[in-house]
$ cat upload-v7.txt   # compact mmCIF, C-alpha atoms
# COMPACT_ATOMS: atom_id res chain seq x y z
CA MET A 15 -3.27 -6.72 -29.33
CA ASP A 16 -4.79 -10.11 -30.11
CA TRP A 17 -2.40 -11.60 -32.66
CA LYS A 18 -4.60 -14.62 -33.33
CA ASP A 19 -7.41 -12.34 -34.39
CA PHE A 20 -4.88 -10.37 -36.43
CA ALA A 21 -4.23 -13.29 -38.76
CA GLU A 22 -7.94 -13.91 -39.13
CA ARG A 23 -8.59 -10.26 -39.92
CA VAL A 24 -5.77 -10.14 -42.49
CA ASN A 25 -6.95 -13.28 -44.25
CA ALA A 26 -10.55 -12.06 -44.34
CA ASP A 27 -9.55 -8.64 -45.74
CA PRO A 28 -10.61 -8.34 -49.41
CA LEU A 29 -8.07 -5.56 -50.00
CA VAL A 30 -5.19 -7.78 -48.89
CA ALA A 31 -6.59 -10.66 -50.95
CA ARG A 32 -6.77 -8.59 -54.16
CA GLN A 33 -3.93 -6.09 -53.89
CA GLY A 34 -1.61 -8.44 -52.04
CA ALA A 35 -2.14 -11.43 -54.31
CA GLY A 36 1.15 -13.09 -55.16
CA SER A 37 3.10 -11.49 -52.31
CA SER A 38 5.32 -13.81 -50.29
CA PHE A 39 7.74 -12.57 -47.63
CA ARG A 40 8.84 -13.13 -44.08
CA LEU A 41 8.72 -10.11 -41.76
CA LEU A 42 10.25 -9.77 -38.32
CA LEU A 43 8.17 -7.16 -36.50
CA ARG A 44 9.90 -5.89 -33.37
CA TRP A 45 7.24 -4.20 -31.21
CA GLY A 46 9.25 -2.81 -28.32
CA GLU A 47 10.79 -5.80 -26.56
CA LYS A 48 8.48 -8.32 -28.23
CA ASP A 49 9.22 -10.00 -31.55
CA HIS A 50 6.75 -11.40 -34.04
CA LEU A 51 7.63 -13.41 -37.13
CA LEU A 52 5.01 -13.05 -39.83
CA GLU A 53 5.17 -15.26 -42.89
CA VAL A 54 3.05 -14.21 -45.86
CA ARG A 55 2.54 -16.71 -48.66
CA ASP A 56 0.71 -15.64 -51.80
CA GLY A 57 -0.98 -12.75 -50.06
CA ARG A 58 -2.15 -14.75 -47.03
CA LEU A 59 -0.73 -14.51 -43.53
CA ALA A 60 0.23 -18.17 -43.41
CA GLU A 61 2.07 -18.18 -40.11
CA HIS A 62 2.53 -15.96 -37.11
CA ARG A 63 5.04 -16.94 -34.46
CA PRO A 64 5.59 -14.80 -31.37
CA GLY A 65 9.17 -14.56 -30.07
CA PRO A 66 11.58 -14.57 -28.45
CA PHE A 67 13.83 -16.01 -31.13
CA VAL A 68 17.47 -16.99 -31.45
CA MET A 69 18.74 -15.77 -34.84
CA PRO A 70 15.32 -15.41 -36.53
CA GLN A 71 15.36 -15.74 -40.31
CA CYS A 72 13.44 -13.06 -42.19
CA ASP A 73 13.48 -11.07 -45.42
CA PHE A 74 13.27 -7.74 -43.63
CA ALA A 75 12.55 -6.39 -40.17
CA LEU A 76 10.60 -3.43 -38.85
CA ALA A 77 11.64 -2.36 -35.38
CA GLY A 78 10.08 0.32 -33.24
CA SER A 79 9.30 1.16 -29.64
CA ASP A 80 6.13 0.01 -27.94
CA ASP A 81 4.99 3.64 -28.03
CA ALA A 82 5.62 4.01 -31.77
CA TRP A 83 3.74 0.83 -32.74
CA THR A 84 0.91 1.63 -30.35
CA ARG A 85 0.44 5.04 -31.98
CA PHE A 86 0.68 3.48 -35.45
CA ALA A 87 -1.97 0.90 -34.56
CA GLN A 88 -4.61 3.28 -33.23
CA LEU A 89 -8.00 2.83 -34.85
CA GLN A 90 -7.85 6.50 -35.80
CA PRO A 91 -4.17 7.38 -35.81
CA ALA A 92 -3.20 10.96 -35.11
CA PRO A 93 -2.15 13.05 -38.11
CA ARG A 94 1.20 11.80 -39.43
CA ASP A 95 0.99 8.57 -37.40
CA GLN A 96 -0.97 6.80 -40.15
CA ASP A 97 1.89 5.36 -42.22
CA LEU A 98 5.16 3.48 -41.77
CA PHE A 99 7.09 6.08 -43.77
CA ALA A 100 6.09 8.79 -41.31
CA PHE A 101 7.79 6.74 -38.59
CA PHE A 102 10.79 6.16 -40.88
CA ARG A 103 11.17 9.90 -41.36
CA ARG A 104 11.12 10.52 -37.61
CA GLY A 105 13.44 7.57 -36.92
CA GLU A 106 10.81 5.87 -34.75
CA ILE A 107 10.54 2.66 -36.81
CA ALA A 108 13.56 1.29 -38.64
CA LEU A 109 13.63 -0.95 -41.71
CA THR A 110 16.51 -3.41 -42.03
CA GLY A 111 17.14 -6.35 -44.34
CA ASP A 112 16.18 -6.82 -47.98
CA THR A 113 14.83 -3.45 -49.11
CA ARG A 114 14.04 -4.87 -52.56
CA LYS A 115 11.58 -7.28 -50.99
CA PHE A 116 10.17 -4.50 -48.83
CA TYR A 117 9.40 -2.37 -51.89
CA ALA A 118 8.18 -5.32 -53.95
CA HIS A 119 5.68 -6.33 -51.27
CA GLN A 120 5.01 -2.95 -49.72
CA MET A 121 1.39 -2.84 -50.89
CA CYS A 122 0.56 -6.18 -49.27
CA LEU A 123 2.58 -5.29 -46.17
CA LYS A 124 0.84 -1.96 -45.58
CA LEU A 125 -2.63 -3.37 -46.17
CA MET A 126 -1.81 -6.23 -43.81
CA LEU A 127 -0.54 -3.92 -41.07
CA ALA A 128 -3.65 -1.76 -41.39
CA ASN A 129 -5.38 -4.71 -39.72
CA LEU A 130 -3.45 -3.90 -36.54
CA ARG A 131 -5.90 -1.05 -36.15
CA THR A 132 -8.44 -2.18 -33.62
CA ALA A 133 -10.06 -0.43 -30.68
CA GLU A 134 -7.76 -2.15 -28.19
CA VAL A 135 -4.08 -1.95 -29.06
CA ARG A 136 -1.37 -3.38 -26.86
CA SER A 137 1.79 -5.30 -27.68
CA MET B 21 -29.52 4.83 -68.11
CA SER B 22 -28.53 8.25 -66.82
CA ALA B 23 -25.49 9.98 -68.23
CA ALA B 24 -23.69 13.20 -67.42
CA LEU B 25 -21.30 14.94 -69.75
CA GLU B 26 -18.61 16.68 -67.72
CA PRO B 27 -17.63 20.27 -68.56
CA VAL B 28 -13.98 19.20 -68.81
CA THR B 29 -12.32 19.33 -72.24
CA GLY B 30 -8.93 17.89 -73.16
CA ARG B 31 -6.61 18.92 -75.98
CA TYR B 32 -3.01 18.59 -77.09
CA VAL B 33 -0.58 21.41 -77.72
CA ARG B 34 2.74 21.04 -79.51
CA PHE B 35 5.70 23.30 -78.82
CA ASP B 36 9.48 23.16 -78.77
CA PHE B 37 11.27 23.17 -75.45
CA GLU B 38 15.01 22.85 -74.86
CA GLY B 39 15.39 22.13 -78.57
CA ARG B 40 12.97 19.19 -78.58
CA ALA B 41 9.44 18.82 -79.85
CA GLN B 42 6.90 18.32 -77.06
CA ARG B 43 3.34 17.01 -77.33
CA VAL B 44 1.56 18.07 -74.16
CA TYR B 45 -1.93 17.15 -73.04
CA PHE B 46 -4.01 19.61 -71.05
CA GLU B 47 -7.52 19.84 -69.69
CA GLU B 48 -9.64 22.81 -68.79
CA ALA B 49 -13.04 23.80 -67.51
CA GLY B 50 -14.71 27.08 -66.62
CA GLN B 51 -14.21 30.68 -67.52
CA GLY B 52 -12.78 33.80 -65.98
CA ILE B 53 -9.50 34.18 -64.13
CA PRO B 54 -7.05 31.54 -65.40
CA LEU B 55 -6.05 29.06 -62.68
CA LEU B 56 -3.11 26.92 -63.81
CA CYS B 57 -2.84 23.67 -61.81
CA LEU B 58 0.31 21.56 -61.42
CA HIS B 59 0.02 17.88 -60.50
CA THR B 60 2.18 15.92 -58.06
CA ALA B 61 5.19 13.74 -58.82
CA GLY B 62 4.37 10.63 -60.84
CA SER B 63 0.74 11.60 -61.45
CA ASP B 64 -1.25 13.72 -63.90
CA THR B 65 -4.05 16.23 -64.46
CA ARG B 66 -6.77 13.87 -63.27
CA GLN B 67 -5.91 14.96 -59.75
CA PHE B 68 -7.86 18.15 -60.46
CA ARG B 69 -11.07 16.41 -61.63
CA GLY B 70 -13.00 17.64 -58.58
CA LEU B 71 -11.98 21.25 -59.08
CA MET B 72 -12.92 21.16 -62.78
CA ASN B 73 -16.35 19.78 -61.97
CA ASP B 74 -17.27 22.29 -59.27
CA ALA B 75 -19.32 25.25 -60.49
CA ARG B 76 -18.38 27.31 -57.43
CA VAL B 77 -14.87 27.36 -58.90
CA THR B 78 -15.49 27.21 -62.65
CA GLN B 79 -18.06 30.01 -62.80
CA ARG B 80 -15.27 32.47 -61.91
CA PHE B 81 -12.08 30.62 -62.83
CA ARG B 82 -10.83 28.98 -66.01
CA VAL B 83 -9.17 25.91 -64.48
CA ILE B 84 -6.34 24.53 -66.63
CA ALA B 85 -4.04 21.61 -65.89
CA PHE B 86 -1.40 19.99 -68.07
CA ASP B 87 0.38 16.66 -67.90
CA LEU B 88 4.12 17.20 -67.67
CA PRO B 89 5.97 15.50 -70.54
CA TRP B 90 6.41 11.77 -69.68
CA HIS B 91 3.22 11.93 -67.54
CA GLY B 92 -0.41 11.06 -68.16
CA LYS B 93 -1.33 11.53 -71.82
CA SER B 94 1.65 13.77 -72.65
CA SER B 95 4.39 12.07 -74.64
CA PRO B 96 7.98 11.75 -73.62
CA PRO B 97 10.18 13.51 -76.20
CA ALA B 98 11.48 11.45 -79.09
CA GLY B 99 14.57 9.52 -78.04
CA TRP B 100 13.30 8.83 -74.52
CA GLN B 101 14.18 5.17 -74.83
CA THR B 102 17.89 5.82 -74.32
CA GLU B 103 17.70 8.36 -71.50
CA GLN B 104 16.90 8.42 -67.81
CA TYR B 105 14.12 10.85 -66.94
CA ARG B 106 15.10 13.36 -64.28
CA LEU B 107 13.16 16.51 -63.44
CA THR B 108 15.19 19.56 -62.45
CA SER B 109 14.28 22.98 -61.16
CA VAL B 110 15.43 24.63 -64.40
CA THR B 111 13.51 22.27 -66.67
CA TYR B 112 10.34 22.31 -64.58
CA THR B 113 10.26 26.10 -64.41
CA GLY B 114 10.92 26.39 -68.13
CA LEU B 115 8.20 23.89 -69.02
CA ILE B 116 5.57 25.80 -67.07
CA LEU B 117 6.48 29.09 -68.77
CA ALA B 118 6.66 27.41 -72.19
CA PHE B 119 3.21 25.86 -71.72
CA MET B 120 1.79 29.24 -70.69
CA GLN B 121 3.24 30.81 -73.83
CA ALA B 122 2.07 27.94 -76.02
CA ILE B 123 -1.60 28.36 -75.08
CA GLY B 124 -1.43 32.13 -74.54
CA LEU B 125 -1.97 32.28 -70.79
CA GLU B 126 -1.54 35.79 -69.38
CA ARG B 127 -0.87 36.22 -65.65
CA PRO B 128 -2.72 33.15 -64.38
CA VAL B 129 -3.05 32.15 -60.78
CA VAL B 130 -0.73 29.15 -60.43
CA MET B 131 -1.54 26.37 -57.97
CA GLY B 132 0.75 23.36 -57.62
CA CYS B 133 0.85 20.43 -55.25
CA SER B 134 3.91 18.66 -53.79
CA ILE B 135 6.54 19.00 -56.55
CA GLY B 136 4.06 21.53 -57.96
CA GLY B 137 4.00 23.27 -54.60
CA ARG B 138 7.77 23.24 -54.50
CA ILE B 139 8.17 24.76 -57.97
CA CYS B 140 5.66 27.46 -56.98
CA LEU B 141 8.39 28.78 -54.69
CA ASN B 142 10.79 29.10 -57.64
CA LEU B 143 8.10 30.73 -59.77
CA ALA B 144 7.61 33.23 -56.95
CA LEU B 145 11.35 33.81 -56.71
CA ALA B 146 12.16 34.20 -60.38
CA HIS B 147 8.94 34.96 -62.26
CA ALA B 148 6.45 36.46 -59.79
CA ALA B 149 5.33 39.19 -62.20
CA ARG B 150 4.06 36.50 -64.58
CA PHE B 151 1.45 35.41 -62.03
CA ARG B 152 -1.62 37.01 -60.44
CA ALA B 153 -1.24 34.91 -57.30
CA ILE B 154 0.53 31.72 -56.26
CA VAL B 155 -1.04 28.88 -54.27
CA GLY B 156 1.36 26.26 -52.94
CA LEU B 157 -0.31 23.04 -51.85
CA GLN B 158 1.92 20.86 -49.67
CA SER B 159 4.59 23.43 -50.37
CA ALA B 160 7.92 23.75 -48.55
CA ALA B 161 11.45 24.73 -49.51
CA ASN B 162 12.90 21.27 -48.91
CA THR B 163 12.05 17.76 -47.77
CA PRO B 164 14.81 15.71 -46.18
CA ARG B 165 15.29 12.30 -47.81
CA TYR B 166 13.80 9.56 -45.68
CA TYR B 167 13.53 6.76 -48.22
CA ASP B 168 15.43 5.46 -51.23
CA PRO B 169 13.40 5.85 -54.44
CA ALA B 170 15.74 3.65 -56.50
CA TRP B 171 13.51 0.60 -55.96
CA LEU B 172 10.58 2.41 -57.57
CA SER B 173 12.24 1.75 -60.91
CA HIS B 174 13.89 -1.66 -60.85
CA PRO B 175 13.42 -4.83 -62.93
CA GLU B 176 12.68 -6.90 -59.82
CA VAL B 177 10.02 -4.58 -58.39
CA ASN B 178 6.66 -3.69 -59.95
CA GLY B 179 7.26 0.06 -59.99
CA GLN B 180 3.63 1.01 -60.51
CA VAL B 181 2.39 -0.93 -57.49
CA ALA B 182 5.40 0.09 -55.40
CA SER B 183 4.85 3.76 -56.28
CA ALA B 184 1.22 3.57 -55.23
CA ALA B 185 2.16 1.76 -52.03
CA THR B 186 4.79 4.39 -51.25
CA VAL B 187 2.29 7.25 -51.44
CA MET B 188 -0.87 5.56 -50.12
CA GLY B 189 -0.19 6.46 -46.51
CA LEU B 190 0.27 10.15 -47.31
CA MET B 191 -3.49 10.60 -47.42
CA CYS B 192 -5.86 11.11 -44.52
CA PRO B 193 -7.29 7.67 -43.64
CA GLU B 194 -10.74 9.25 -43.44
CA SER B 195 -10.68 10.63 -46.97
CA PRO B 196 -13.28 8.87 -49.13
CA GLN B 197 -12.14 5.41 -50.20
CA ALA B 198 -13.17 5.94 -53.83
CA GLU B 199 -11.14 9.16 -54.12
CA ARG B 200 -8.12 7.64 -52.34
CA TRP B 201 -8.02 4.62 -54.64
CA GLU B 202 -8.59 6.82 -57.71
CA THR B 203 -5.54 8.79 -56.59
CA LEU B 204 -3.54 5.56 -56.29
CA TRP B 205 -4.75 4.36 -59.70
CA HIS B 206 -3.06 7.38 -61.28
CA TYR B 207 0.21 6.30 -59.63
CA MET B 208 -0.31 2.76 -60.89
CA GLN B 209 -0.48 4.13 -64.44
CA GLY B 210 2.72 6.14 -64.34
CA GLY B 211 5.49 5.37 -66.83
CA PRO B 212 8.50 3.39 -65.64
CA GLY B 213 11.00 5.57 -63.78
CA VAL B 214 8.86 8.71 -64.01
CA PHE B 215 7.91 9.00 -60.32
CA ARG B 216 11.52 8.33 -59.40
CA GLY B 217 12.65 10.97 -61.90
CA ASP B 218 10.30 13.53 -60.35
CA LEU B 219 11.64 12.68 -56.91
CA TYR B 220 15.08 13.79 -58.08
CA PHE B 221 13.63 17.30 -58.12
CA TYR B 222 11.69 16.80 -54.87
CA GLN B 223 14.48 15.21 -52.85
CA ILE B 224 17.66 16.70 -54.33
CA ASP B 225 17.57 19.39 -57.01
CA GLY B 226 14.64 21.54 -55.89
CA ASP B 227 16.05 22.81 -52.61
CA TYR B 228 15.14 26.47 -52.09
CA ARG B 229 16.21 26.85 -48.47
CA GLY B 230 17.99 30.13 -47.93
CA ARG B 231 16.41 31.65 -51.03
CA VAL B 232 12.71 31.90 -50.22
CA LYS B 233 13.29 35.00 -48.10
CA ASP B 234 13.67 36.88 -51.40
CA ILE B 235 10.07 36.15 -52.45
CA ASP B 236 8.15 39.41 -52.79
CA THR B 237 4.49 38.76 -52.02
CA LYS B 238 3.63 42.31 -53.07
CA VAL B 239 4.30 41.27 -56.66
CA ALA B 240 2.28 38.05 -56.40
CA PRO B 241 0.58 37.05 -53.14
CA TYR B 242 1.62 33.58 -51.91
CA TYR B 243 -0.82 31.25 -50.20
CA PHE B 244 0.33 28.03 -48.51
CA LEU B 245 -2.31 25.32 -47.99
CA THR B 246 -1.09 22.12 -46.32
CA GLY B 247 -3.00 19.03 -45.23
CA GLU B 248 -2.37 18.04 -41.63
CA TYR B 249 -1.88 14.31 -42.41
CA ASP B 250 1.06 14.94 -44.76
CA TYR B 251 4.33 13.78 -43.21
CA SER B 252 6.32 14.39 -46.42
CA CYS B 253 5.53 18.10 -46.57
CA SER B 254 4.29 18.45 -43.02
CA PRO B 255 2.54 21.47 -41.55
CA GLU B 256 5.80 22.19 -39.70
CA ASP B 257 7.75 22.13 -43.00
CA THR B 258 5.30 24.56 -44.57
CA GLN B 259 5.23 26.84 -41.53
CA GLU B 260 9.04 26.94 -41.38
CA THR B 261 9.21 27.97 -45.05
CA ALA B 262 6.38 30.47 -44.78
CA ALA B 263 7.93 32.08 -41.70
CA GLY B 264 10.76 33.29 -43.91
CA ILE B 265 8.49 34.96 -46.48
CA ALA B 266 7.07 38.36 -45.55
CA GLY B 267 3.36 38.52 -46.28
CA ALA B 268 2.86 34.81 -46.99
CA LYS B 269 -0.42 33.35 -45.81
CA VAL B 270 -0.71 29.85 -44.35
CA ARG B 271 -3.73 27.60 -43.98
CA ILE B 272 -3.35 24.14 -42.39
CA MET B 273 -6.15 21.95 -43.70
CA LYS B 274 -7.82 19.53 -41.28
CA LYS B 275 -8.59 15.95 -42.36
CA LEU B 276 -6.51 16.21 -45.53
CA GLY B 277 -3.15 14.77 -46.54
CA HIS B 278 -0.61 15.12 -49.34
CA PHE B 279 -3.12 15.02 -52.24
CA PRO B 280 -5.88 17.34 -51.03
CA MET B 281 -7.48 18.10 -54.42
CA SER B 282 -7.62 14.41 -55.32
CA GLU B 283 -8.05 12.48 -52.06
CA ASN B 284 -11.03 14.56 -50.92
CA PRO B 285 -12.04 17.19 -53.49
CA GLN B 286 -15.04 18.46 -51.54
CA ALA B 287 -13.10 19.04 -48.32
CA PHE B 288 -10.29 20.68 -50.28
CA ILE B 289 -12.55 23.01 -52.25
CA ALA B 290 -14.12 24.19 -48.99
CA GLU B 291 -10.62 25.20 -47.86
CA LEU B 292 -9.71 26.73 -51.22
CA LEU B 293 -12.81 28.85 -51.83
CA PRO B 294 -11.90 31.61 -49.32
CA VAL B 295 -8.49 31.89 -51.01
CA LEU B 296 -10.08 32.10 -54.45
CA ASP B 297 -12.54 34.70 -53.12
CA GLU B 298 -9.61 36.81 -51.96
CA ILE B 299 -7.80 36.45 -55.28
CA ALA B 300 -10.94 37.27 -57.25
CA ALA B 301 -11.63 40.34 -55.10
CA ALA B 302 -8.12 41.64 -55.75
CA SER B 303 -8.30 41.02 -59.50

$ encode --input "upload-v7.txt" --output "structure tokens"
Amino acid sequence: MDWKDFAERVNADPLVARQGAGSSFRLLLRWGEKDHLLEVRDGRLAEHRPGPFVMPQCDFALAGSDDAWTRFAQLQPAPRDQDLFAFFRRGEIALTGDTRKFYAHQMCLKLMLANLRTAEVRS
Amino acid sequence: MSAALEPVTGRYVRFDFEGRAQRVYFEEAGQGIPLLCLHTAGSDTRQFRGLMNDARVTQRFRVIAFDLPWHGKSSPPAGWQTEQYRLTSVTYTGLILAFMQAIGLERPVVMGCSIGGRICLNLALAHAARFRAIVGLQSAANTPRYYDPAWLSHPEVNGQVASAATVMGLMCPESPQAERWETLWHYMQGGPGVFRGDLYFYQIDGDYRGRVKDIDTKVAPYYFLTGEYDYSCSPEDTQETAAGIAGAKVRIMKKLGHFPMSENPQAFIAELLPVLDEIAAAS
């Protein structure tokens, strides 16, 4: 997973630009043992900082195993691996933090994370 | 300019239900065996636009779909402004039967999706003789709660966008973009608190586990059709429910998700036609 390219892809994505306009939130994405802090400002991925962190500040966190995120991020995910809520139902990715912010910015978040889907996916 | 007038017509019907006046919008197309279609939670009849525009269906079936009260172009009953909308098994079942009576529908095939697929199980349990056949799309006796719908109706969250975002991943990623975003548009137009109110039935009140074994498919045959990308009513959920119903038929649909008739009408109709052939042959 090339996280530098990720930010570029997100910020070039017309769906994120339109449907995510106005969204601002800070997400801690825990991909297995590796942490990533993603700060979205007005629908743009303004900052991405890879961990590790000591007491990272975020609005909400999404934590899953390396296997779960790798399956989520496949270019063509297997049936029922295509959405965060599928992983919530199976207990493979957990949401913690401010659930109001998660719901308020869910559209931007999901469209942003869809840009994880590239041919080569590693943490 | 080229223009095409669709064969779909829309009308309103007024009837009393549970002591209150209802103004209900419905659409129809085609002629022949009545096929009554039930939309998903938080959406409306537009989900069946593909079915109503396909001559392979409408030359043999009169396709009818109505917007539940509070949904689409149906009104909420007078006084709605002081009450919280909550769909229950009793109300949903009664509304379907009342609508059938209001427009004079005799023994239709009923086909519902998601909450519509769930209520199909109760129609089969309690009113099977009123139906020629029952087709449950994304139909299972129960779905365990895996998210809190309270935020879908909250002053600090745009409920229309949040509702669309909550359901967007239920579709197959390869379904046509235009049809997927049309499906989401319907969610973005839902009334405040309506999707959440429907989920009360889906997540809590409409639990038919332990009862579906009493469905008699000799009275009305029951067909389950479930898209493989649906994690809310998954193929395993459908198969577990169907396993308890003698004579039920199951079809797992490839490359389709939770909104088969709306997210990819052409792929769905290809799956549905053999079922309709079977129903027509038996009629």

$ closest_atom_pairs --input "upload-v7.txt" --of "chain A" --to "chain B" --cutoff "6 Å" --atoms "all atoms listed in the file" --output "JSON lines"
{"residue": "A:Pro93", "atom": "CA", "partner": "B:Tyr249", "partner_atom": "CA", "distance": 4.5}
{"residue": "A:Arg94", "atom": "CA", "partner": "B:Tyr249", "partner_atom": "CA", "distance": 5.0}
{"residue": "A:Asp97", "atom": "CA", "partner": "B:Gly189", "partner_atom": "CA", "distance": 4.9}
{"residue": "A:Ala100", "atom": "CA", "partner": "B:Tyr251", "partner_atom": "CA", "distance": 5.6}
{"residue": "A:Arg103", "atom": "CA", "partner": "B:Tyr166", "partner_atom": "CA", "distance": 5.1}
{"residue": "A:Tyr117", "atom": "CA", "partner": "B:Ala182", "partner_atom": "CA", "distance": 5.9}
{"residue": "A:Ala118", "atom": "CA", "partner": "B:Val177", "partner_atom": "CA", "distance": 4.9}
{"residue": "A:Gln120", "atom": "CA", "partner": "B:Ala185", "partner_atom": "CA", "distance": 6.0}
{"residue": "A:Met121", "atom": "CA", "partner": "B:Ala185", "partner_atom": "CA", "distance": 4.8}

$ closest_residue --input "upload-v7.txt" --among "A:Thr113, A:Glu106, A:Arg131, A:Leu52" --to "Gln90 of chain A" --atoms "all atoms listed in the file"
A:Arg131

$ residues_around --input "upload-v7.txt" --residues "segment 21-30 of chain B" --least-positions-apart "5" --cutoff "9 Å" --atoms "only C-alpha atoms" --output "PyMOL selection string"
chain B and resi 45-50+69+72-73

$ write_last_selection --input "upload-v7.txt" --atoms "C-alpha atoms" --output "short mmCIF file (atom, residue, chain, number, x, y, z; two decimals), keeping the file's coordinate frame"
data_model
loop_
_atom_site.label_atom_id
_atom_site.label_comp_id
_atom_site.auth_asym_id
_atom_site.auth_seq_id
_atom_site.Cartn_x
_atom_site.Cartn_y
_atom_site.Cartn_z
CA TYR B 45 -1.93 17.15 -73.04
CA PHE B 46 -4.01 19.61 -71.05
CA GLU B 47 -7.52 19.84 -69.69
CA GLU B 48 -9.64 22.81 -68.79
CA ALA B 49 -13.04 23.80 -67.51
CA GLY B 50 -14.71 27.08 -66.62
CA ARG B 69 -11.07 16.41 -61.63
CA MET B 72 -12.92 21.16 -62.78
CA ASN B 73 -16.35 19.78 -61.97
#

$ closest_residue --input "upload-v7.txt" --among "B:Ala61, B:Ala262, B:Met120, B:Val77" --to "Ile139 of chain B" --atoms "all atoms listed in the file"
B:Ala61

$ residues_around --input "upload-v7.txt" --residues "Trp45 of chain A" --least-positions-apart "5" --cutoff "8 Å" --atoms "all atoms listed in the file" --output "VMD selection string"
chain A and resid 50 77 to 80 83 137

$ residues_near_point --input "upload-v7.txt" --point "(-0.2, 18.9, -50.7)" --cutoff "12 Å" --atoms "only C-alpha atoms" --output "VMD selection string"
chain B and resid 58 to 61 67 131 to 138 155 to 160 187 190 to 192 244 to 255 257 to 258 271 to 273 276 to 284 288

$ closest_residue --input "upload-v7.txt" --among "B:Tyr228, B:Tyr105, B:Trp201, B:Phe119" --to "Arg216 of chain B" --atoms "all atoms listed in the file"
B:Tyr105

$ residues_around --input "upload-v7.txt" --residues "Gln71 of chain A" --least-positions-apart "3" --cutoff "12 Å" --atoms "only C-alpha atoms" --output "list in words"
Phe39, Arg40, Leu41, Leu42, Leu43, His50, Leu51, Leu52, Glu53, Arg63, Phe67, Val68, Phe74, Ala75, Gly111 and Asp112 of chain A

$ closest_residue --input "upload-v7.txt" --among "A:Leu76, A:Ala128, A:Val24, A:Ala31" --to "Gln88 of chain A" --atoms "only C-alpha atoms"
A:Ala128

$ residues_around --input "upload-v7.txt" --residues "His119 of chain A" --least-positions-apart "3" --cutoff "8 Å" --atoms "all atoms listed in the file" --output "ChimeraX atom specification"
/A:34,37-39,115-116,122-123 /B:182

$ residues_around --input "upload-v7.txt" --residues "Arg23 of chain A" --least-positions-apart "4" --cutoff "9 Å" --atoms "all atoms listed in the file" --output "JSON, numbers by chain"
{"A": [18, 19, 27, 126, 129, 130]}

$ residues_near_point --input "upload-v7.txt" --point "(6.8, 32.3, -61.8)" --cutoff "10 Å" --atoms "all atoms listed in the file" --output "count of residues only"
25

$ closest_residue --input "upload-v7.txt" --among "A:Ala108, A:Leu89, A:Leu29, A:Ala35" --to "Gly57 of chain A" --atoms "all atoms listed in the file"
A:Ala35

$ atom_distance --input "upload-v7.txt" --atom1 "atom CA of Asn25 of chain A" --atom2 "atom CA of Pro175 of chain B"
28.9 Å

$ atom_distance --input "upload-v7.txt" --atom1 "atom CA of Lys93 of chain B" --atom2 "atom CA of Val44 of chain B"
7.5 Å

$ axis_aligned_box --input "upload-v7.txt" --around "segment 170-184 of chain B" --padding-each-side "8 Å" --output "AutoDock Vina command-line options"
--center_x 8.5 --center_y -1.6 --center_z -59.1 --size_x 30.5 --size_y 26.7 --size_z 23.7

$ atom_distance --input "upload-v7.txt" --atom1 "atom CA of Trp90 of chain B" --atom2 "atom CA of Tyr207 of chain B"
13.0 Å

$ closest_residue --input "upload-v7.txt" --among "B:Thr65, B:Gln51, B:Gln209, B:Gln259" --to "Arg80 of chain B" --atoms "all atoms listed in the file"
B:Gln51

$ build_atoms --input "upload-v7.txt" --residues "segment 168-177 of chain B" --atoms "N, CA and C atoms" --output "PDB file, in the frame of the given file"
ATOM      1  N   ASP B 168      14.657   5.596 -49.996  1.00  0.00           N
ATOM      2  CA  ASP B 168      15.430   5.460 -51.230  1.00  0.00           C
ATOM      3  C   ASP B 168      14.472   5.166 -52.377  1.00  0.00           C
ATOM      4  N   PRO B 169      14.348   6.083 -53.352  1.00  0.00           N
ATOM      5  CA  PRO B 169      13.400   5.850 -54.440  1.00  0.00           C
ATOM      6  C   PRO B 169      13.916   4.939 -55.540  1.00  0.00           C
ATOM      7  N   ALA B 170      15.149   4.448 -55.418  1.00  0.00           N
ATOM      8  CA  ALA B 170      15.740   3.650 -56.500  1.00  0.00           C
ATOM      9  C   ALA B 170      14.905   2.406 -56.799  1.00  0.00           C
ATOM     10  N   TRP B 171      14.285   1.824 -55.764  1.00  0.00           N
ATOM     11  CA  TRP B 171      13.510   0.600 -55.960  1.00  0.00           C
ATOM     12  C   TRP B 171      12.195   0.855 -56.681  1.00  0.00           C
ATOM     13  N   LEU B 172      11.819   2.115 -56.848  1.00  0.00           N
ATOM     14  CA  LEU B 172      10.580   2.410 -57.570  1.00  0.00           C
ATOM     15  C   LEU B 172      10.743   2.201 -59.065  1.00  0.00           C
ATOM     16  N   SER B 173      11.975   2.011 -59.500  1.00  0.00           N
ATOM     17  CA  SER B 173      12.240   1.750 -60.910  1.00  0.00           C
ATOM     18  C   SER B 173      13.340   0.703 -60.988  1.00  0.00           C
ATOM     19  N   HIS B 174      12.929  -0.554 -60.911  1.00  0.00           N
ATOM     20  CA  HIS B 174      13.890  -1.660 -60.850  1.00  0.00           C
ATOM     21  C   HIS B 174      13.244  -2.897 -61.474  1.00  0.00           C
ATOM     22  N   PRO B 175      14.017  -3.673 -62.242  1.00  0.00           N
ATOM     23  CA  PRO B 175      13.420  -4.830 -62.930  1.00  0.00           C
ATOM     24  C   PRO B 175      12.783  -5.853 -61.983  1.00  0.00           C
ATOM     25  N   GLU B 176      13.206  -5.888 -60.729  1.00  0.00           N
ATOM     26  CA  GLU B 176      12.680  -6.900 -59.820  1.00  0.00           C
ATOM     27  C   GLU B 176      11.562  -6.389 -58.922  1.00  0.00           C
ATOM     28  N   VAL B 177      11.116  -5.150 -59.177  1.00  0.00           N
ATOM     29  CA  VAL B 177      10.020  -4.580 -58.390  1.00  0.00           C
ATOM     30  C   VAL B 177       8.989  -4.019 -59.370  1.00  0.00           C
TER      31      VAL B 177
END
